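Engineer: Here you go, this is work_33.cif (mmCIF, C-alpha atoms).
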```cif
data_final
#
loop_
_atom_site.label_atom_id
_atom_site.label_comp_id
_atom_site.auth_asym_id
_atom_site.auth_seq_id
_atom_site.Cartn_x
_atom_site.Cartn_y
_atom_site.Cartn_z
CA MET F 1 0.00 0.00 0.00
CA ASP F 2 1.27 3.46 -0.92
CA ILE F 3 1.22 5.57 2.23
CA ASN F 4 0.85 8.77 0.18
CA SER F 5 -2.49 7.54 -1.23
CA THR F 6 -4.00 6.67 2.18
CA PRO F 7 -6.47 8.95 3.99
CA THR F 8 -5.10 11.53 6.46
CA VAL F 9 -6.39 9.57 9.49
CA MET F 10 -4.49 6.45 8.41
CA LYS F 11 -1.36 8.50 7.68
CA THR F 12 -1.57 9.92 11.21
CA SER F 13 -1.93 6.37 12.63
CA TYR F 14 1.09 5.14 10.67
CA PHE F 15 3.05 8.17 11.80
CA SER F 16 2.09 7.58 15.46
CA LEU F 17 3.11 3.93 15.22
CA LEU F 18 6.43 4.89 13.69
CA LEU F 19 7.06 7.39 16.49
CA LEU F 20 6.24 4.77 19.14
CA ALA F 21 8.50 2.20 17.49
CA ALA F 22 11.35 4.72 17.22
CA ALA F 23 10.92 5.70 20.88
CA GLY F 24 10.99 2.04 21.93
CA LEU F 25 14.07 1.31 19.82
CA SER F 26 15.82 4.37 21.24
CA THR F 27 15.09 3.18 24.79
CA VAL F 28 16.45 -0.31 24.05
CA LEU F 29 19.59 1.05 22.41
CA HIS F 30 20.17 3.50 25.24
CA SER F 31 19.79 0.79 27.89
CA CYS F 32 22.26 -1.46 26.02
CA GLN F 33 24.83 1.32 25.80
CA ALA F 34 24.40 2.65 29.32
CA PRO F 35 27.14 1.85 31.84
CA PRO F 36 26.35 -1.06 34.16
CA GLN F 37 24.23 0.00 37.10
CA SER F 38 25.35 -0.71 40.65
CA CYS F 39 23.63 -3.72 42.18
CA ASP F 40 21.40 -3.22 45.17
CA LEU F 41 23.56 -4.92 47.82
CA SER F 42 23.36 -2.62 50.82
CA GLN F 43 26.39 -1.16 52.56
CA ALA F 44 25.32 -3.04 55.70
CA ASP F 45 25.50 -6.34 53.80
CA LYS F 46 28.90 -5.43 52.36
CA ASP F 47 30.11 -4.59 55.86
CA SER F 48 28.80 -7.95 57.12
CA LEU F 49 30.71 -9.82 54.41
CA ILE F 50 33.91 -7.92 55.25
CA LYS F 51 33.40 -8.71 58.95
CA VAL F 52 33.05 -12.45 58.25
CA HIS F 53 36.24 -12.41 56.13
CA THR F 54 38.17 -10.54 58.82
CA SER F 55 37.00 -12.80 61.64
CA VAL F 56 37.68 -16.13 59.89
CA THR F 57 41.11 -14.98 58.71
CA GLY F 58 41.87 -14.02 62.28
CA ILE F 59 41.09 -17.57 63.45
CA VAL F 60 43.93 -19.11 61.44
CA ASN F 61 46.36 -16.21 61.87
CA GLU F 62 46.19 -16.55 65.64
CA ASN F 63 46.89 -20.28 65.53
CA SER F 64 47.38 -22.15 62.25
CA SER F 65 46.50 -25.63 63.50
CA PRO F 66 44.23 -28.35 62.11
CA GLU F 67 41.62 -27.32 64.67
CA SER F 68 41.72 -23.66 63.67
CA TRP F 69 41.39 -24.47 59.95
CA ALA F 70 38.39 -26.68 60.77
CA GLU F 71 36.90 -23.78 62.73
CA TYR F 72 37.64 -21.45 59.79
CA ALA F 73 35.77 -23.73 57.36
CA LYS F 74 32.80 -24.17 59.71
CA ALA F 75 32.46 -20.40 60.14
CA LEU F 76 32.86 -19.56 56.45
CA TYR F 77 31.02 -22.18 54.38
CA ALA F 78 27.39 -23.16 53.89
CA ASP F 79 26.43 -26.83 54.31
CA ASP F 80 26.15 -27.25 50.51
CA ALA F 81 29.33 -25.30 49.70
CA ILE F 82 31.72 -26.32 46.95
CA VAL F 83 35.39 -25.33 47.03
CA MET F 84 37.37 -25.46 43.77
CA PRO F 85 41.06 -25.28 44.73
CA SER F 86 43.98 -24.67 42.43
CA GLY F 87 45.47 -27.90 41.07
CA GLY F 88 42.85 -30.26 42.48
CA PRO F 89 39.28 -31.52 42.17
CA ALA F 90 36.26 -29.73 43.63
CA ILE F 91 35.44 -30.45 47.28
CA GLN F 92 31.70 -30.71 47.90
CA GLY F 93 29.91 -30.14 51.19
CA LYS F 94 30.96 -28.45 54.41
CA ASP F 95 32.02 -31.70 56.13
CA ALA F 96 34.41 -32.59 53.29
CA ILE F 97 35.77 -29.02 53.19
CA VAL F 98 36.36 -29.01 56.96
CA SER F 99 38.17 -32.34 56.73
CA GLN F 100 40.33 -31.25 53.78
CA MET F 101 41.32 -27.94 55.38
CA ALA F 102 42.12 -29.55 58.72
CA SER F 103 44.50 -31.99 57.01
CA GLY F 104 45.79 -29.95 54.05
CA MET F 105 46.33 -26.43 55.37
CA VAL F 106 48.79 -27.27 58.14
CA GLY F 107 52.04 -25.29 58.39
CA ILE F 108 50.69 -21.94 57.20
CA THR F 109 52.35 -19.16 59.18
CA LYS F 110 50.77 -16.23 57.30
CA PHE F 111 47.35 -15.94 55.67
CA HIS F 112 45.96 -12.65 54.40
CA THR F 113 43.06 -11.86 52.09
CA GLU F 114 42.16 -8.58 50.42
CA ASN F 115 38.63 -7.95 49.16
CA VAL F 116 38.83 -6.15 45.81
CA GLU F 117 35.17 -6.19 44.82
CA ILE F 118 31.93 -6.97 46.65
CA GLU F 119 28.61 -6.82 44.81
CA GLY F 120 25.31 -8.62 44.72
CA SER F 121 21.57 -8.39 44.89
CA GLY F 122 19.14 -9.40 47.62
CA ASN F 123 20.36 -12.55 49.37
CA MET F 124 23.18 -13.33 46.91
CA ALA F 125 26.59 -11.70 46.65
CA TYR F 126 30.03 -12.30 45.22
CA VAL F 127 33.43 -11.37 46.60
CA ARG F 128 36.50 -11.07 44.39
CA GLY F 129 39.86 -10.68 46.02
CA THR F 130 43.46 -11.70 46.47
CA TYR F 131 45.30 -13.82 49.01
CA GLU F 132 48.84 -14.21 50.34
CA MET F 133 50.11 -17.07 52.46
CA THR F 134 53.35 -18.56 53.73
CA PHE F 135 53.90 -22.29 54.24
CA GLN F 136 56.53 -23.34 56.75
CA ILE F 137 57.99 -26.49 55.19
CA ASN F 138 60.55 -27.15 57.93
CA ASP F 139 62.53 -25.18 60.53
CA SER F 140 64.64 -23.40 57.91
CA LEU F 141 62.50 -23.53 54.76
CA SER F 142 59.31 -21.67 53.91
CA MET F 143 57.37 -20.95 50.72
CA ASP F 144 55.32 -17.88 49.85
CA ASP F 145 52.24 -18.03 47.66
CA LYS F 146 49.86 -15.40 46.36
CA GLY F 147 46.81 -15.61 44.16
CA LYS F 148 43.20 -14.61 43.62
CA PHE F 149 39.74 -15.90 44.44
CA ILE F 150 36.06 -15.49 43.66
CA GLU F 151 33.43 -16.49 46.21
CA ILE F 152 29.65 -16.66 45.89
CA TRP F 153 27.75 -15.96 49.11
CA ARG F 154 24.15 -16.54 50.20
CA LYS F 155 22.35 -15.02 53.17
CA ASP F 156 20.62 -17.73 55.20
CA THR F 157 17.23 -17.53 56.91
CA ALA F 158 18.90 -16.22 60.08
CA GLY F 159 20.38 -13.32 58.11
CA LYS F 160 23.95 -14.67 58.19
CA TRP F 161 26.14 -14.71 55.11
CA LYS F 162 27.71 -18.06 54.17
CA CYS F 163 30.04 -18.86 51.29
CA THR F 164 28.46 -21.36 48.88
CA ARG F 165 31.09 -21.46 46.10
CA ASP F 166 34.80 -20.69 46.37
CA ILE F 167 37.39 -20.89 43.61
CA TYR F 168 40.99 -19.80 43.99
CA ASN F 169 44.29 -20.23 42.21
CA SER F 170 47.88 -19.15 42.56
CA ASP F 171 49.52 -16.36 40.58
CA LEU F 172 52.76 -18.37 40.62
CA SER F 173 53.37 -20.80 37.80
CA PRO F 174 54.30 -24.36 38.82
CA GLU F 175 57.37 -24.17 36.59
CA ALA F 176 58.67 -21.01 38.28
CA GLY F 177 58.12 -22.48 41.75
CA ALA F 178 59.88 -25.73 40.88
CA SER F 179 62.96 -23.96 39.53
CA GLU F 180 63.67 -22.02 42.71
CA PRO F 181 66.58 -23.55 44.64
CA GLU F 182 64.93 -23.17 48.05
CA MET F 183 62.02 -25.36 46.89
CA ALA F 184 63.36 -28.74 48.01
CA PRO F 185 61.39 -31.71 46.61
CA THR F 186 59.15 -33.64 48.96
CA GLU F 187 59.92 -37.27 49.81
CA GLU F 188 57.15 -38.39 47.45
CA ALA F 189 58.61 -36.33 44.58
CA SER F 190 62.11 -37.70 45.25
CA ALA F 191 60.78 -41.26 45.23
CA ALA F 192 58.93 -40.65 41.97
CA THR F 193 62.08 -39.25 40.34
CA THR F 194 64.13 -42.23 41.48
CA THR F 195 61.51 -44.65 40.14
CA GLU F 196 61.41 -42.91 36.74
CA GLN F 197 65.21 -43.17 36.38
#
```
I'd like the structure from this file rewritten - as structure tokens, please.

Structural biologist:
Amino acid sequence: MDINSTPTVMKTSYFSLLLLAAAGLSTVLHSCQAPPQSCDLSQADKDSLIKVHTSVTGIVNENSSPESWAEYAKALYADDAIVMPSGGPAIQGKDAIVSQMASGMVGITKFHTENVEIEGSGNMAYVRGTYEMTFQINDSLSMDDKGKFIEIWRKDTAGKWKCTRDIYNSDLSPEAGASEPEMAPTEEASAATTTEQ
């Protein structure tokens, strides 16, 4: 149909529809190009998340023992949490996480985390940050590590924040760590090398 041959009323209707369509398209395009809006996680919730991080880190800094790492895991993680460590399989459930940390995090003399970004919405939040730790291998040998993490948190029915997903990995490459002279091989590594030869 030729729009020029249509009655004035129909031309006005077409024109109105075109204006509405253009306005809608403009709104969509503007919303796509607009900078990301801040999520609605309140400052009180952010402060609560920071407080949990500070308190659990304090547990293991005061006494890095199997018992303190178990206490750390119990205070930090939800019952259905999953931890995805660097260089290993995922650990599912709070009980498994507590057991792994109590047996695998022994000998840490320094543990520090820095929260870089905390955002979320409603009862869900994420924390992105960095960590630094020192392992005391023996009386005269220690190893420093640093890396980054992302955690997903959920507020429970009691209003407490618990970590439900945690993934972290080292900034140090395995090759660089292995080439350092102070990194003496473990007994298992020495046995494996001897067997291969």

Engineer: Applied to the shown file, which residues does the PyMOL selection byres ((chain F and resi 101-112) around 7) return, written as a PyMOL selection string?

Structural biologist: chain F and resi 57+61+64-67+69-70+97-100+113-114+131-137

Engineer: Please tell me which residues are no farther than 6 Å from (38.6, -16.4, 46.0) in the file, counting all atoms listed in the file, and write them as a ChimeraX atom specification.

Structural biologist: /F:128-129,148-151,166-168

Engineer: Pick out the closest residue to Arg154 in chain F from this set: F:Glu119, F:Thr130, F:Asn63, F:Ser140. Count only C-alpha atoms.

Structural biologist: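 Smallest distance to Arg154 in chain F is found for F:Glu119.
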
Engineer: When the PyMOL selection byres ((chain F and resi 41) around 6) is applied to the file above, which residues end up in the set, as a ChimeraX atom specification?

Structural biologist: /F:39-40,42,120-121

Engineer: Go through F:Asp171, F:Asp45, F:Asp95, F:Glu117 and flag the residue nearest Ala75 in chain F, using only C-alpha atoms for the distances.

Structural biologist: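 Closest candidate: F:Asp95.
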
Engineer: Please measure the separation of CA of Gly93 in chain F and CA of Gln43 in chain F, giving the value in Å to one decimal.

Structural biologist: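 The value is 29.2 Å.
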
Engineer: Kindly indicate which residue among F:Ser68, F:Ser48, F:Thr164, F:Ser142 lies nearest to Ala81 in chain F, using all atoms listed in the file for the distances.

Structural biologist: F:Thr164

Engineer: Could you list the residues chosen by the PyMOL selection byres ((chain F and resi 92) around 8) in this structure as a VMD selection string?

Structural biologist: chain F and resid 80 to 83 90 to 91 93 to 94 96 to 97

Engineer: Please indicate the distance in Å from CA of Ser170 in chain F to CA of Pro89 in chain F, rounded to one decimal place.

Structural biologist: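 Between these atoms lies a distance of 15.1 Å.
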
Engineer: Env of Lys51 in chain F: 12 Å cut, atoms = all atoms listed in the file, seq-sep filter 6 positions within chain, self excluded. Answer as a ChimeraX atom specification.

Structural biologist: /F:44-45,57-58,75-76,115,160-162
